[in-house]
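Here's the structure, in C-alpha cells; my notes come after.
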Amino acid sequence: MFDVISNEVLAPNLHQLVVRAPRIASSRLPGQFVIVRAEAGEERIPLTIGDADAAAGTITLFVQAIGASTQRIVAVPAGGRLRDVAGPLGLPTHIRNWGRVACIGGGVGTAVLFPLAKALAEAGNEVTTIIGGRSARYIILADELGALSRELLVTTEDGSLGVQGFVTQPLEGLVADPARRPGAVFAVGPVPMMRAVAELTRPHGIETVVSLNPIMIDGTGMCGGCRVLVGGEAKFACVDGPEFDGHLVDFDNLADRLATYRESEASHVCRVAGKEVA
Amino acid sequence: MSTGMTTRERLAIDRVHMVELDADSRSRNFDEVNRGLTPEEAVREAQRCIRCTNRQCVAGCPVGVSIPEFITALADGNLREAARILTRDNALPAVCGRVCPQETQCEARCVRGIKGEPVAIGYLERFVADWATANVAELGDEPLPPPTGRRVAVVGCGPAGLTAAGELARKGHGVTIFEALHDTGGVLRYGIPEFRLPKTIIDAEVARLLALGVTVECNVIIGKTLTLAQLREEFDAVFIANGAGLPVMLSIPGENLKGVYSANEYLTRVNLMGAGRDPGSTTPIIAGKRVAVIGGGNTAMDCVRTARRLGAERAMIIYRRSEEQMPARVEEIKHAKEEGVEFVMLTAPIAIGGDKDGWVATLRCLRMELGAPDSSGRRSPVPVEGSAYDIAVDVVVNAVGTRANPLLTATAPELKLNRWGNIATDDNGATSVAGVYAGGDIVRGGATVILAMGDGKQAAAAIHDWLNRR
Ligand SMILES: Cc1cc2nc3c(=O)[nH]c(=O)nc-3n(C[C@H](O)[C@H](O)[C@H](O)COP(=O)(O)OP(=O)(O)OC[C@H]3O[C@@H](n4cnc5c(N)ncnc54)[C@H](O)[C@@H]3O)c2cc1C
Ligand SMILES: Cc1cc2nc3c(=O)[nH]c(=O)nc-3n(C[C@H](O)[C@H](O)[C@H](O)COP(=O)(O)OP(=O)(O)OC[C@H]3O[C@@H](n4cnc5c(N)ncnc54)[C@H](O)[C@@H]3O)c2cc1C
Ligand code: SF4
Ligand code: SF4
Ligand code: FES
Ligand SMILES: [Mg+2]
C-alpha cells in the first residue's frame, strides 16, 4: 500500500498526486515511470514519475483520467492509498549538455516532459519549452516549466492562451533561426504531435527524442505487449525505452496498436463511470 | 486395512479414473477440469502400490518424494502421516500433483507400469495435499527453531522462490521475498490457468509461508527498485529465482498487428488480471472467434484452451513438427482435443496478414514434412516446396518459448552468465558471487515446476550451510 499525500486538480481530469514510495523516490531517474493500480481488479497503468523528493520519500504523478483505471487512481484522496506502485521502470533519459535544447509538450505529455526539461536545465542546457493544449484550461505546469526555461511558449487550439494553433508552429520558427536552433528536441504528447515534430526536425538533422506510451502490462519486458517498431525493429518500450529516436519510430503502428482496446474500453467506461470521458 | 493385502490382491485393482468436468461445458468456463479423488478412490488406488524395495518411482521424481511411504500411509488410512511424509519432501504437493509431467517422471518408472498402468502417484499426491490444506488445524503448528538472526532475500515468488523461502524459514532464518508483479506465485499464477491450477492453492501456500514468518514484498523489481548490490548489503545471502520471463518473438512479418499476442501477455491478461474471466476486471482482451496458437508445449495448450474458454469457435494449435513430438503433457493434449481444439500439425507460420484497419486477418503457413533426425535425435521438419496457404484468424498467440529476462542480470555485471544469458551456478546453486545463489528457470531456461522447486530446496540447504560457516 502506498499513501497518497496530496491530490490536486491541475486541469480538467488531470490530477497531481504526491505518493509515498521511498525506494522509488531514491532510485528513480528522469524519464522513468511506475506502474500503478489503485485497487485489486484494476488494470496496471504506466505513469511517468513527474518528480521525486528522495528526502521526503515521495514521488509526484500527473494523471489524466481517461478510462476506468485512471479514474480510480485520481479518485483516491489525500490520506487514501494506492494498492500497487511498482518502479522505477524504463531507461532513464540520456541527459547531456547540447547547448540549446527544445522541449515540446502536448496535453498530459507536458507532465511527462517536466522531469526531462528539469534534468536538461540542471545539466546546463539552455531550454526553450513549447507547450500546447486544447484551451487555456488544459495548459499545465506553465509556471514550473517557465522557471527552468530560457523561453516558454504556449499554444492553444482555441487561442485562449498564447499563440493560437499547435506546438509545431513556434518550433518551426526556432528550427529556421540559426541563432535559436536547438541541438536536440524532446517531444512528448499525442502520437500525431510527436510525429509532426519528428517530421519537422528530420530535414534539419536535429536529434529528436520522443517518449512513447504504448499499452503496457508488466513493464518489465515479460509480456512484449508494449512492442513498438523503431528503425524497422521491434523494441519493448518498457525496457528499451520509453524514449526513442523520433526519426526512426513507426508512429502509424504505435497509433494503431494504441487503438486495440478502444471499443472494449469505451463500453467499459460506460458501465463503470456511467459516462464517456473526453 | 490394506496392510494385510497380498501382492496378488493389489495387482488385481485397476487404476482409478479421475472425474473430469464434461468437455463441452468446461470448455466455456474456467473451473478446474480434474475434480480430484474421493477418499475411497484414493485409498483403493493407494492399495495398488506393491511397495517395491528398490523404489524406482522415487528415482523418477526430481526431488525424491518418499512415494511408497506416503502411499502406504494413505492406504492404511493414516492421512496425517501421509501428509507429514509428503510435505517434508515436497513444499508444493498440491501444485505438483496437478502439473508435474508424471508420465515422464515418477509414474514412468513405476513397476506397475511395465505390465499395465502405473500407480496414479500424481492423483494421490494431490489428494493428500488437498486433505492437508483442508485440515491444517489437525496438523498443528510446525515447530520452528529459534531465530538465527540471519536474513536472506529471495528474488521472485515463483515455485523456486517459494520453496527456498519455506526451507530457510524452517531453519530459523529471516526471509523476505521480493516480487516484481503485484501478486505472488510467478508462472503458477500468471501462466498456468485456473482450470488446471486453482489460484486458491497458491494463496494457501503463501499463507503458510507468512505463518512461518516469511515477509513477501510485491511491486519490488530487483535491478530497478533495488539492486542486487543493495540486497547483498542488507541481507546475509540472496537467492535469485526470477524465472525465464522474456518472450521469444516469432520474427515474421505482421507480428505487430493488433490481435497478435505473446503467450505471456495473453495468459497474464486472463490469469493475473482477470480479463475475460472476472467480471470485476478492467483489463481487456481480444477474444476472437478464430484463434491460432503457435507452439506445442504446455504454454501453447494453456493458451489454446484459454481461447476456447474466451469463446473461440475455432481454436487451433499450429505446430511445425508432428503430434508425437509435442513437448506438452499428454493430459494437456488429451484435454485440449476433448475441448474441441484443432491440431494443425507439420505446419510452420511464415507471415501474419492484416486487414485495412491493422487487425490480424490471416496466418500464412507452410506445410512441413519430417526429414532426417537432427542432433537432438528428433526428425527435423523441412518445408514442402510451394505449399504456402492462409488460415483465417482473428487472434494469433505466439507460444514458441521464453528466454532469460536480462532486467536483473544487466544491472549485476558481477554475476556470471552462460551463453544463453542464464545465471551460471554450481551443483548447489551457488553463483559466481559469494552468498548469492540462483535456481529455477533463470538457471535452467524454461523447465518445470518440480525442477524449480528442487533448485529452491537445494539452494536453501546450501545457503544454510554457508550461513553456518560464516
Ligand atoms: C511509459 C508511459 C508513461 C505514461 N505516463 C503517463 C503520465 O504521466 N500521465 C498520464 O496521465 N498518462 C500517462 N501514460 C498513459 C496512461 O498509461 C494511459 O492513459 C492509461 O493506461 C489509460 O488507462 P485507463 O484504463 O484509464 O484508460 P483505458 O480505458 O484503458 O484507455 C482509454 C483510451 O486510452 C487509450 N490508451 C490505453 N492505454 C494507453 C496508453 N498506455 N497510453 C495512451 N493511451 C492509452 C486507448 O486508446 C483507450 O481507448 C503513460 C503511458 C506510458 C506507456
Ligand atoms: C503457461 C505455462 C505453463 C506451464 N505448465 C507447466 C506444467 O504443466 N508443469 C510444469 O512442471 N511446468 C510448467 N511450466 C513451467 C513452470 O511453470 C516453470 O518452469 C516454473 O514456474 C519456473 O519457476 P521459477 O520459480 O524459476 O520462475 P517463475 O515461476 O517464472 O517465477 C519467477 C518470479 O520472479 C518474478 N521476477 C522476475 N524478475 C524479477 C525481478 N527482477 N525482481 C523481482 N521479481 C522478479 C516474476 O514476476 C515471477 O513471479 C509452465 C510454464 C508456463 C509459462
Ligand atoms: S513431485 Fe512430481 S515427479 Fe515427484 S512424485 Fe510428485 S508428481 Fe511425481
Ligand atoms: S514403483 Fe510403483 S508400485 Fe513400486 S513403490 Fe513405486 S509407486 Fe509403488
Ligand atoms: S509491458 Fe510487458 S514487455 Fe513491456
Ligand atoms: Mg483501461
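Residues are named by chain letter and number: chains run A, B, ... in the order of the C-alpha cells, numbers start at 1 in each chain, and ligands are numbered from 1 in the order shown.
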
Q: Hey, list the chain A side of the contact with chain B: 8 Å cut-off, only C-alpha atoms, answer as a PyMOL selection string.
A: chain A and resi 23-24+27+41-43+68-69+84-89+217-218+220-225+227-228+239+253+256-257+260-261+264-265+268

8 Å from ligand 1 is the threshold here; counting only C-alpha atoms and all ligand atoms, which polymer residues fall inside it? Answer as a compact mmCIF listing (two decimals) with all heavy atoms, in the first residue's frame.
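Result file is result-v7.txt:
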```txt
# COMPACT_ATOMS: atom_id res chain seq x y z
N LEU A 14 -7.24 16.20 -14.93
CA LEU A 14 -5.81 15.98 -14.76
C LEU A 14 -5.40 16.31 -13.32
O LEU A 14 -5.56 17.43 -12.87
CB LEU A 14 -5.02 16.83 -15.76
CG LEU A 14 -3.62 16.28 -16.05
CD1 LEU A 14 -3.16 16.67 -17.43
CD2 LEU A 14 -2.60 16.69 -15.01
N GLN A 32 11.93 7.92 -16.22
CA GLN A 32 11.41 6.62 -15.79
C GLN A 32 9.96 6.72 -15.34
O GLN A 32 9.45 7.81 -15.08
CB GLN A 32 12.29 6.05 -14.68
CG GLN A 32 13.66 5.65 -15.19
CD GLN A 32 14.48 4.95 -14.14
OE1 GLN A 32 14.79 5.51 -13.09
NE2 GLN A 32 14.83 3.70 -14.42
N PHE A 33 9.31 5.57 -15.26
CA PHE A 33 7.89 5.55 -14.92
C PHE A 33 7.60 4.49 -13.86
O PHE A 33 8.48 3.71 -13.49
CB PHE A 33 7.04 5.32 -16.18
CG PHE A 33 7.26 3.99 -16.87
CD1 PHE A 33 6.43 2.92 -16.60
CD2 PHE A 33 8.29 3.82 -17.80
CE1 PHE A 33 6.62 1.69 -17.23
CE2 PHE A 33 8.47 2.60 -18.44
CZ PHE A 33 7.65 1.53 -18.15
N VAL A 34 6.38 4.51 -13.38
CA VAL A 34 5.92 3.49 -12.44
C VAL A 34 4.67 2.82 -13.03
O VAL A 34 4.07 3.34 -13.97
CB VAL A 34 5.55 4.06 -11.06
CG1 VAL A 34 6.78 4.40 -10.24
CG2 VAL A 34 4.63 5.26 -11.18
N GLU A 42 -7.97 -3.74 -10.92
CA GLU A 42 -7.69 -2.69 -11.91
C GLU A 42 -6.60 -3.10 -12.88
O GLU A 42 -5.75 -3.92 -12.57
CB GLU A 42 -7.28 -1.40 -11.18
CG GLU A 42 -8.39 -0.75 -10.40
CD GLU A 42 -9.60 -0.45 -11.27
OE1 GLU A 42 -9.40 0.19 -12.31
OE2 GLU A 42 -10.71 -0.87 -10.90
N GLU A 43 -6.59 -2.40 -14.02
CA GLU A 43 -5.51 -2.54 -14.98
C GLU A 43 -4.22 -2.00 -14.38
O GLU A 43 -4.25 -1.15 -13.51
CB GLU A 43 -5.83 -1.70 -16.22
CG GLU A 43 -6.09 -2.49 -17.46
CD GLU A 43 -6.33 -1.59 -18.65
OE1 GLU A 43 -7.34 -0.86 -18.64
OE2 GLU A 43 -5.52 -1.61 -19.56
N ARG A 44 -3.10 -2.46 -14.91
CA ARG A 44 -1.80 -1.91 -14.50
C ARG A 44 -1.53 -0.69 -15.38
O ARG A 44 -1.42 -0.81 -16.59
CB ARG A 44 -0.70 -2.96 -14.67
CG ARG A 44 -0.85 -4.16 -13.74
CD ARG A 44 0.10 -5.29 -14.08
NE ARG A 44 1.50 -4.89 -14.02
CZ ARG A 44 2.24 -4.98 -12.92
NH1 ARG A 44 1.75 -5.47 -11.81
NH2 ARG A 44 3.50 -4.60 -12.94
N ILE A 45 -1.43 0.48 -14.77
CA ILE A 45 -1.35 1.72 -15.52
C ILE A 45 0.04 2.34 -15.44
O ILE A 45 0.52 2.69 -14.35
CB ILE A 45 -2.39 2.74 -14.97
CG1 ILE A 45 -3.81 2.17 -15.07
CG2 ILE A 45 -2.27 4.08 -15.71
CD1 ILE A 45 -4.31 1.93 -16.49
N PRO A 46 0.73 2.48 -16.59
CA PRO A 46 2.04 3.15 -16.56
C PRO A 46 1.89 4.66 -16.42
O PRO A 46 1.07 5.26 -17.12
CB PRO A 46 2.66 2.79 -17.92
CG PRO A 46 1.52 2.40 -18.79
CD PRO A 46 0.38 1.97 -17.92
N LEU A 47 2.65 5.26 -15.53
CA LEU A 47 2.62 6.70 -15.32
C LEU A 47 4.04 7.19 -15.10
O LEU A 47 4.80 6.60 -14.32
CB LEU A 47 1.78 7.06 -14.09
CG LEU A 47 0.29 6.71 -14.16
CD1 LEU A 47 -0.34 6.82 -12.78
CD2 LEU A 47 -0.43 7.61 -15.16
N THR A 48 4.40 8.25 -15.79
CA THR A 48 5.74 8.82 -15.64
C THR A 48 5.92 9.36 -14.22
O THR A 48 4.99 9.90 -13.64
CB THR A 48 5.91 9.98 -16.64
OG1 THR A 48 5.66 9.46 -17.94
CG2 THR A 48 7.29 10.58 -16.58
N ILE A 49 7.12 9.20 -13.70
CA ILE A 49 7.43 9.82 -12.41
C ILE A 49 7.73 11.28 -12.71
O ILE A 49 8.77 11.62 -13.27
CB ILE A 49 8.63 9.12 -11.74
CG1 ILE A 49 8.36 7.62 -11.61
CG2 ILE A 49 8.93 9.77 -10.38
CD1 ILE A 49 9.58 6.80 -11.23
N GLY A 50 6.79 12.15 -12.37
CA GLY A 50 6.90 13.56 -12.73
C GLY A 50 7.99 14.27 -11.96
O GLY A 50 8.65 15.18 -12.48
N LEU A 61 3.07 12.22 -9.34
CA LEU A 61 2.49 11.67 -10.56
C LEU A 61 1.48 12.68 -11.12
O LEU A 61 0.78 13.34 -10.36
CB LEU A 61 1.76 10.35 -10.26
CG LEU A 61 2.57 9.25 -9.60
CD1 LEU A 61 1.68 8.05 -9.27
CD2 LEU A 61 3.73 8.81 -10.50
N PHE A 62 1.46 12.81 -12.43
CA PHE A 62 0.45 13.63 -13.08
C PHE A 62 -0.44 12.67 -13.85
O PHE A 62 0.03 11.98 -14.75
CB PHE A 62 1.10 14.63 -14.04
CG PHE A 62 2.01 15.60 -13.33
CD1 PHE A 62 3.38 15.36 -13.25
CD2 PHE A 62 1.50 16.73 -12.72
CE1 PHE A 62 4.22 16.25 -12.60
CE2 PHE A 62 2.33 17.63 -12.06
CZ PHE A 62 3.69 17.38 -12.00
N VAL A 63 -1.69 12.62 -13.49
CA VAL A 63 -2.56 11.58 -14.04
C VAL A 63 -3.75 12.18 -14.76
O VAL A 63 -4.53 12.93 -14.17
CB VAL A 63 -3.08 10.65 -12.92
CG1 VAL A 63 -3.71 9.41 -13.55
CG2 VAL A 63 -1.98 10.28 -11.96
N GLN A 64 -3.87 11.83 -16.03
CA GLN A 64 -5.04 12.24 -16.78
C GLN A 64 -6.05 11.09 -16.73
O GLN A 64 -5.74 9.99 -17.17
CB GLN A 64 -4.67 12.54 -18.22
CG GLN A 64 -5.85 13.10 -18.98
CD GLN A 64 -5.47 13.48 -20.38
OE1 GLN A 64 -4.64 12.83 -21.01
NE2 GLN A 64 -6.07 14.54 -20.88
N ALA A 65 -7.22 11.38 -16.21
CA ALA A 65 -8.25 10.34 -16.10
C ALA A 65 -8.95 10.19 -17.44
O ALA A 65 -9.75 11.02 -17.82
CB ALA A 65 -9.24 10.70 -15.01
N ILE A 66 -8.58 9.14 -18.18
CA ILE A 66 -9.22 8.94 -19.49
C ILE A 66 -10.03 7.66 -19.55
O ILE A 66 -10.84 7.49 -20.43
CB ILE A 66 -8.20 8.93 -20.65
CG1 ILE A 66 -7.17 7.82 -20.47
CG2 ILE A 66 -7.54 10.28 -20.81
CD1 ILE A 66 -6.44 7.51 -21.76
N GLY A 67 -9.81 6.75 -18.64
CA GLY A 67 -10.54 5.49 -18.68
C GLY A 67 -10.81 5.01 -17.27
O GLY A 67 -10.52 5.71 -16.29
N ALA A 68 -11.33 3.79 -17.19
CA ALA A 68 -11.76 3.26 -15.89
C ALA A 68 -10.65 3.29 -14.84
O ALA A 68 -10.84 3.75 -13.72
CB ALA A 68 -12.27 1.84 -16.08
N SER A 69 -9.46 2.81 -15.23
CA SER A 69 -8.43 2.63 -14.20
C SER A 69 -7.77 3.94 -13.80
O SER A 69 -7.42 4.14 -12.63
CB SER A 69 -7.38 1.63 -14.69
OG SER A 69 -8.01 0.39 -14.91
N THR A 70 -7.59 4.87 -14.75
CA THR A 70 -7.04 6.17 -14.37
C THR A 70 -8.06 6.95 -13.53
O THR A 70 -7.68 7.70 -12.63
CB THR A 70 -6.60 6.98 -15.60
OG1 THR A 70 -7.57 6.84 -16.63
CG2 THR A 70 -5.25 6.52 -16.11
N GLN A 71 -9.34 6.74 -13.80
CA GLN A 71 -10.35 7.40 -12.95
C GLN A 71 -10.26 6.93 -11.51
O GLN A 71 -10.39 7.70 -10.58
CB GLN A 71 -11.75 7.13 -13.50
CG GLN A 71 -12.11 8.02 -14.67
CD GLN A 71 -13.38 7.55 -15.36
OE1 GLN A 71 -14.25 6.96 -14.73
NE2 GLN A 71 -13.47 7.83 -16.63
N ARG A 72 -10.03 5.63 -11.34
CA ARG A 72 -9.91 5.10 -9.98
C ARG A 72 -8.70 5.70 -9.28
O ARG A 72 -8.72 5.95 -8.09
CB ARG A 72 -9.76 3.58 -10.01
CG ARG A 72 -10.96 2.85 -10.48
CD ARG A 72 -11.82 2.34 -9.32
NE ARG A 72 -13.19 2.07 -9.78
CZ ARG A 72 -13.53 1.01 -10.53
NH1 ARG A 72 -12.61 0.14 -10.87
NH2 ARG A 72 -14.77 0.85 -10.92
N GLY A 90 11.75 1.38 -17.01
CA GLY A 90 12.23 2.03 -18.23
C GLY A 90 13.63 2.58 -18.05
O GLY A 90 14.18 2.64 -16.95
N VAL A 108 -1.26 15.96 -21.65
CA VAL A 108 -0.66 15.37 -20.45
C VAL A 108 0.83 15.07 -20.69
O VAL A 108 1.60 14.90 -19.75
CB VAL A 108 -1.43 14.10 -20.01
CG1 VAL A 108 -1.17 12.95 -20.96
CG2 VAL A 108 -1.05 13.71 -18.59
N GLY A 109 1.23 15.06 -21.96
CA GLY A 109 2.65 14.89 -22.29
C GLY A 109 3.51 15.96 -21.63
O GLY A 109 4.70 15.73 -21.36
N ALA A 111 3.35 16.84 -18.65
CA ALA A 111 3.74 16.31 -17.36
C ALA A 111 4.89 15.32 -17.51
O ALA A 111 5.81 15.28 -16.70
CB ALA A 111 2.55 15.63 -16.70
N VAL A 112 4.82 14.52 -18.57
CA VAL A 112 5.89 13.55 -18.82
C VAL A 112 7.17 14.29 -19.17
O VAL A 112 8.28 13.86 -18.84
CB VAL A 112 5.47 12.60 -19.97
CG1 VAL A 112 6.57 11.61 -20.31
CG2 VAL A 112 4.18 11.86 -19.59
N SER A 211 8.96 10.29 -26.32
CA SER A 211 8.65 9.34 -25.26
C SER A 211 7.36 8.64 -25.62
O SER A 211 6.31 9.27 -25.72
CB SER A 211 8.52 10.07 -23.93
OG SER A 211 8.25 9.14 -22.91
N LEU A 212 7.44 7.32 -25.83
CA LEU A 212 6.29 6.58 -26.35
C LEU A 212 5.42 5.99 -25.24
O LEU A 212 5.92 5.66 -24.16
CB LEU A 212 6.77 5.47 -27.29
CG LEU A 212 7.68 5.93 -28.43
CD1 LEU A 212 7.98 4.76 -29.38
CD2 LEU A 212 7.06 7.10 -29.21
N ASN A 213 4.16 5.90 -25.51
CA ASN A 213 3.20 5.44 -24.49
C ASN A 213 2.34 4.28 -24.97
O ASN A 213 1.13 4.33 -24.89
CB ASN A 213 2.30 6.60 -24.08
CG ASN A 213 1.50 7.13 -25.27
OD1 ASN A 213 1.83 6.84 -26.42
ND2 ASN A 213 0.44 7.85 -25.01
N PRO A 214 2.96 3.19 -25.44
CA PRO A 214 2.14 2.05 -25.86
C PRO A 214 1.45 1.42 -24.66
O PRO A 214 1.79 1.72 -23.51
CB PRO A 214 3.16 1.07 -26.44
CG PRO A 214 4.41 1.39 -25.70
CD PRO A 214 4.39 2.87 -25.49
N ILE A 215 0.50 0.57 -24.91
CA ILE A 215 -0.19 -0.15 -23.84
C ILE A 215 0.79 -1.12 -23.20
O ILE A 215 1.54 -1.81 -23.89
CB ILE A 215 -1.41 -0.88 -24.42
CG1 ILE A 215 -2.41 0.17 -24.91
CG2 ILE A 215 -2.03 -1.82 -23.39
CD1 ILE A 215 -3.52 -0.38 -25.78
N MET A 216 0.81 -1.13 -21.89
CA MET A 216 1.75 -1.99 -21.17
C MET A 216 1.01 -2.89 -20.18
O MET A 216 -0.10 -2.57 -19.76
CB MET A 216 2.76 -1.14 -20.40
CG MET A 216 3.67 -0.34 -21.30
SD MET A 216 4.92 0.54 -20.35
CE MET A 216 5.92 1.19 -21.69
N CYS A 226 4.11 -4.15 -25.20
CA CYS A 226 4.46 -2.75 -25.42
C CYS A 226 5.36 -2.57 -26.63
O CYS A 226 5.97 -1.53 -26.80
CB CYS A 226 5.17 -2.20 -24.19
SG CYS A 226 6.74 -3.05 -23.89
N ALA A 237 9.02 -1.09 -25.33
CA ALA A 237 9.13 0.27 -24.82
C ALA A 237 9.42 0.31 -23.32
O ALA A 237 10.07 1.22 -22.84
CB ALA A 237 7.86 1.06 -25.13
N CYS A 238 8.96 -0.70 -22.58
CA CYS A 238 9.14 -0.64 -21.13
C CYS A 238 10.58 -0.88 -20.69
O CYS A 238 10.99 -0.41 -19.64
CB CYS A 238 8.21 -1.62 -20.43
SG CYS A 238 8.62 -3.35 -20.72
N PRO A 242 11.17 4.25 -22.35
CA PRO A 242 10.17 4.63 -23.36
C PRO A 242 10.64 5.67 -24.37
O PRO A 242 9.92 6.00 -25.29
CB PRO A 242 9.01 5.20 -22.51
CG PRO A 242 9.67 5.70 -21.27
CD PRO A 242 10.84 4.78 -21.02
N LEU A 258 -2.29 1.34 -30.18
CA LEU A 258 -2.94 2.03 -29.06
C LEU A 258 -4.47 1.92 -29.14
O LEU A 258 -5.16 2.04 -28.14
CB LEU A 258 -2.54 3.50 -29.02
CG LEU A 258 -1.29 3.83 -28.20
CD1 LEU A 258 -0.88 5.27 -28.44
CD2 LEU A 258 -1.53 3.58 -26.72
N ALA A 259 -4.96 1.72 -30.37
CA ALA A 259 -6.41 1.65 -30.55
C ALA A 259 -6.97 0.24 -30.34
O ALA A 259 -8.16 0.02 -30.48
CB ALA A 259 -6.77 2.15 -31.95
N THR A 260 -6.10 -0.72 -29.99
CA THR A 260 -6.53 -2.12 -29.88
C THR A 260 -7.81 -2.29 -29.06
O THR A 260 -8.71 -3.01 -29.44
CB THR A 260 -5.41 -2.98 -29.25
OG1 THR A 260 -4.23 -2.83 -30.01
CG2 THR A 260 -5.80 -4.45 -29.21
N TYR A 261 -7.85 -1.63 -27.92
CA TYR A 261 -8.97 -1.89 -27.00
C TYR A 261 -9.98 -0.76 -26.99
O TYR A 261 -10.77 -0.65 -26.07
CB TYR A 261 -8.43 -2.15 -25.59
CG TYR A 261 -7.48 -3.31 -25.58
CD1 TYR A 261 -6.10 -3.11 -25.49
CD2 TYR A 261 -7.95 -4.62 -25.72
CE1 TYR A 261 -5.22 -4.18 -25.52
CE2 TYR A 261 -7.08 -5.69 -25.76
CZ TYR A 261 -5.71 -5.47 -25.66
OH TYR A 261 -4.85 -6.53 -25.70
N ARG A 262 -9.92 0.09 -28.02
CA ARG A 262 -10.79 1.26 -28.00
C ARG A 262 -12.25 0.88 -27.78
O ARG A 262 -12.92 1.44 -26.93
CB ARG A 262 -10.62 2.07 -29.29
CG ARG A 262 -11.32 3.41 -29.22
CD ARG A 262 -10.74 4.38 -30.23
NE ARG A 262 -9.42 4.85 -29.84
CZ ARG A 262 -8.52 5.32 -30.71
NH1 ARG A 262 -8.78 5.34 -31.99
NH2 ARG A 262 -7.35 5.74 -30.29
N GLU A 263 -12.72 -0.12 -28.54
CA GLU A 263 -14.13 -0.49 -28.41
C GLU A 263 -14.45 -1.08 -27.05
O GLU A 263 -15.39 -0.65 -26.39
CB GLU A 263 -14.52 -1.50 -29.49
CG GLU A 263 -15.09 -0.84 -30.72
CD GLU A 263 -15.26 -1.82 -31.85
OE1 GLU A 263 -15.82 -2.90 -31.62
OE2 GLU A 263 -14.80 -1.50 -32.97
N SER A 264 -13.63 -2.05 -26.63
CA SER A 264 -13.94 -2.71 -25.35
C SER A 264 -13.84 -1.71 -24.20
O SER A 264 -14.60 -1.77 -23.24
CB SER A 264 -13.04 -3.91 -25.13
OG SER A 264 -11.72 -3.63 -25.48
N GLU A 265 -12.86 -0.77 -24.28
CA GLU A 265 -12.70 0.16 -23.17
C GLU A 265 -13.82 1.18 -23.16
O GLU A 265 -14.28 1.59 -22.10
CB GLU A 265 -11.35 0.87 -23.26
CG GLU A 265 -10.24 -0.09 -23.48
CD GLU A 265 -9.20 -0.08 -22.39
OE1 GLU A 265 -9.47 -0.49 -21.27
OE2 GLU A 265 -8.09 0.34 -22.69
N ALA A 266 -14.28 1.59 -24.35
CA ALA A 266 -15.36 2.57 -24.40
C ALA A 266 -16.58 2.01 -23.68
O ALA A 266 -17.20 2.68 -22.86
CB ALA A 266 -15.71 2.91 -25.84
N HIS A 268 -16.55 -0.24 -21.44
CA HIS A 268 -16.25 -0.37 -20.02
C HIS A 268 -16.46 0.95 -19.29
O HIS A 268 -17.03 1.00 -18.21
CB HIS A 268 -14.80 -0.83 -19.84
CG HIS A 268 -14.62 -1.61 -18.59
ND1 HIS A 268 -14.38 -2.95 -18.60
CD2 HIS A 268 -14.72 -1.25 -17.29
CE1 HIS A 268 -14.31 -3.39 -17.36
NE2 HIS A 268 -14.52 -2.37 -16.55
N VAL A 269 -15.98 2.03 -19.91
CA VAL A 269 -16.14 3.35 -19.29
C VAL A 269 -17.61 3.61 -19.04
O VAL A 269 -18.01 4.06 -17.98
CB VAL A 269 -15.53 4.44 -20.20
CG1 VAL A 269 -15.92 5.82 -19.70
CG2 VAL A 269 -14.02 4.30 -20.23
N THR B 282 -10.87 -4.72 -15.05
CA THR B 282 -10.95 -3.69 -16.09
C THR B 282 -9.93 -3.92 -17.20
O THR B 282 -9.77 -3.10 -18.08
CB THR B 282 -10.72 -2.28 -15.49
OG1 THR B 282 -9.55 -2.32 -14.69
CG2 THR B 282 -11.90 -1.84 -14.66
N THR B 283 -9.21 -5.04 -17.13
CA THR B 283 -8.24 -5.34 -18.18
C THR B 283 -8.95 -6.00 -19.36
O THR B 283 -9.64 -6.98 -19.19
CB THR B 283 -7.14 -6.28 -17.65
OG1 THR B 283 -6.47 -5.62 -16.57
CG2 THR B 283 -6.14 -6.63 -18.74
```

**Q.** Protein and nucleic residues near ligand 2, 6 Å, only C-alpha atoms and all ligand atoms, as number ranges by chain
**A.** B: 99-100, 155-161, 178-181, 185-188, 191-192, 220-223, 241-245, 298-299, 302, 407-408, 440-442, 446-450, 452

Q. So which residues of segment 103-257 of chain A fall under strand (DSSP E) by DSSP, listed as a count of residues only?
A. 41

Q. Skipping near chain neighbours, those fewer than 5 positions away, what residues fall within 10 Å of His464 of chain B using only C-alpha atoms, listed as a PyMOL selection string?
A. chain B and resi 150+152+167-168+171-173+237+458-459+469

Q) Can you list, as a list of chain:residue names, every protein, DNA or RNA residue that comes within 9 Å of Gly162 of chain A when you count only C-alpha atoms, leaving out same-chain residues fewer than 6 positions away? A) A:Gly132, A:Ala136, A:Leu153, A:Val154, A:Thr155, A:Thr156

Q.
Neighbours of ligand 4 at 7 Å or closer, counting only C-alpha atoms and all ligand atoms: which residues, as a list in words?
A. Arg48, Cys49, Ile50, Arg51, Cys52, Arg55, Gln56, Cys57, Val58, Ile67, Pro68, Arg109, Cys110, Val111, Arg112, Pro118, Val119 and Ile121 of chain B

Q | Exercise: segment 125-129 of chain B partners within 10 Å, only C-alpha atoms, chain neighbours under 5 positions left out, as a PyMOL selection string | A | chain B and resi 36-39+41-43+65+67+70-71+74+79-84+86-87+90-99+120+134-135+201
